[in-house]
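Engineer: Structure incoming, see below.
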Amino acid sequence: GAHVQTGYFLIPGHLEIGARGALVRKDLDVEDDDEMEAGPMINWFFEGHRMKLQADYSVLVDEKPGEDSTTDHMVRLQLQASF
């Protein structure tokens, strides 16, 4: 598998935009047996990584051998706080 993520601060220390992607090859001996995820993200940092609001959108593709692949969409909003 692989996971790639990149980001850029539009407002240094506070507003970050980015993109991420992931690939999981479930069985190397089976063709078309992959799960993929890709999409944009945006983060607002209140106090560095101690308090941040994160939002992202992902397209999820699940390939199954001998079947049509399925495509789902996911929207996530989360507040992360650490003490």
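Numbering starts fresh at 1 for the residues of each chain in the structure tokens, the chains themselves are lettered A, B, ... in the order given, and ligands are numbered from 1 as they appear.
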Kindly provide the residues of stretch 17-47 of chain A that approach stretch 54-60 of chain A to within 6 Å, each paired with its closest atom pair and their distance in Å to one decimal, based on only C-alpha atoms, listed by chain and increasing number, as a tab-separated table.
Structural biologist:
```
residue	atom	partner	partner_atom	distance
A:Met36	CA	A:Leu60	CA	5.8
A:Glu37	CA	A:Leu60	CA	4.6
A:Ala38	CA	A:Ser58	CA	5.3
A:Gly39	CA	A:Ser58	CA	4.4
A:Pro40	CA	A:Tyr57	CA	5.9
A:Met41	CA	A:Asp56	CA	4.1
A:Ile42	CA	A:Ala55	CA	5.4
A:Asn43	CA	A:Gln54	CA	4.5
```
Engineer: For atom CA of A:Leu23 and atom CA of A:Leu77, determine how far apart the two atoms are, in Å to one decimal place.
Structural biologist: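 Distance between the two atoms: 22.2 Å.
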Engineer: Taking the DSSP assignment computed from this structure's backbone, write out as a compact mmCIF listing (two decimals) with C-alpha atoms, in the first residue's frame all residues of chain A that belong to strand (DSSP E or B).
Structural biologist:
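Output file states-v1.txt follows:
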```txt
# COMPACT_ATOMS: atom_id res chain seq x y z
CA ALA A 2 0.91 3.65 -0.21
CA HIS A 3 -0.24 6.92 1.33
CA VAL A 4 0.69 10.37 0.00
CA GLN A 5 -0.29 13.72 1.49
CA THR A 6 0.76 17.27 0.74
CA GLY A 7 -0.28 20.64 2.12
CA TYR A 8 0.33 24.36 1.77
CA PHE A 9 -0.34 27.11 4.31
CA LEU A 10 -2.37 29.96 2.79
CA ILE A 11 -2.21 31.75 6.15
CA LEU A 15 -5.07 27.93 7.26
CA GLU A 16 -3.77 24.91 5.33
CA ILE A 17 -5.07 23.36 2.12
CA GLY A 18 -3.91 20.03 0.79
CA ALA A 19 -4.60 16.75 -0.90
CA ARG A 20 -4.14 13.13 0.00
CA GLY A 21 -4.27 9.80 -1.74
CA ALA A 22 -3.96 6.17 -0.73
CA LEU A 23 -3.78 2.79 -2.43
CA VAL A 24 -4.14 -0.65 -0.88
CA ARG A 25 -3.37 -3.66 -3.03
CA ASP A 34 -7.33 -2.61 -5.11
CA GLU A 35 -8.84 0.02 -2.83
CA MET A 36 -8.08 3.67 -3.63
CA GLU A 37 -8.88 6.95 -1.90
CA ALA A 38 -8.17 10.53 -3.04
CA GLY A 39 -9.37 14.03 -2.29
CA PRO A 40 -8.76 17.57 -1.05
CA MET A 41 -8.61 18.80 2.55
CA ILE A 42 -8.62 22.07 4.48
CA ASN A 43 -7.41 22.64 8.05
CA TRP A 44 -7.68 25.56 10.48
CA PHE A 45 -5.16 25.55 13.34
CA GLU A 47 -3.22 26.55 18.60
CA HIS A 49 -1.57 20.90 16.28
CA MET A 51 -6.37 22.44 18.53
CA LYS A 52 -7.46 22.23 14.91
CA LEU A 53 -10.56 21.92 12.75
CA GLN A 54 -10.21 19.61 9.77
CA ALA A 55 -12.47 19.04 6.76
CA ASP A 56 -11.94 16.74 3.82
CA TYR A 57 -13.72 15.10 0.90
CA SER A 58 -12.69 11.73 -0.51
CA VAL A 59 -13.60 9.54 -3.45
CA LEU A 60 -13.32 5.88 -2.46
CA VAL A 61 -12.95 3.22 -5.18
CA ASP A 62 -13.07 -0.49 -4.34
CA THR A 70 -17.81 0.50 -6.46
CA THR A 71 -17.33 4.23 -5.93
CA ASP A 72 -18.35 6.03 -2.75
CA HIS A 73 -17.96 9.61 -1.56
CA MET A 74 -17.07 10.67 1.97
CA VAL A 75 -17.20 14.10 3.63
CA ARG A 76 -15.61 14.45 7.06
CA LEU A 77 -15.46 17.33 9.55
CA GLN A 78 -13.61 16.89 12.83
CA LEU A 79 -12.28 18.96 15.69
CA GLN A 80 -9.07 17.70 17.23
CA ALA A 81 -8.02 18.85 20.68
```
Engineer: Measuring atom to atom with only C-alpha atoms, identify which of A:Ser69, A:Glu31, A:Lys64, A:Phe46 is nearest to A:Pro12.
Structural biologist: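 Answer, going by the shortest atom-to-atom distance: A:Phe46.
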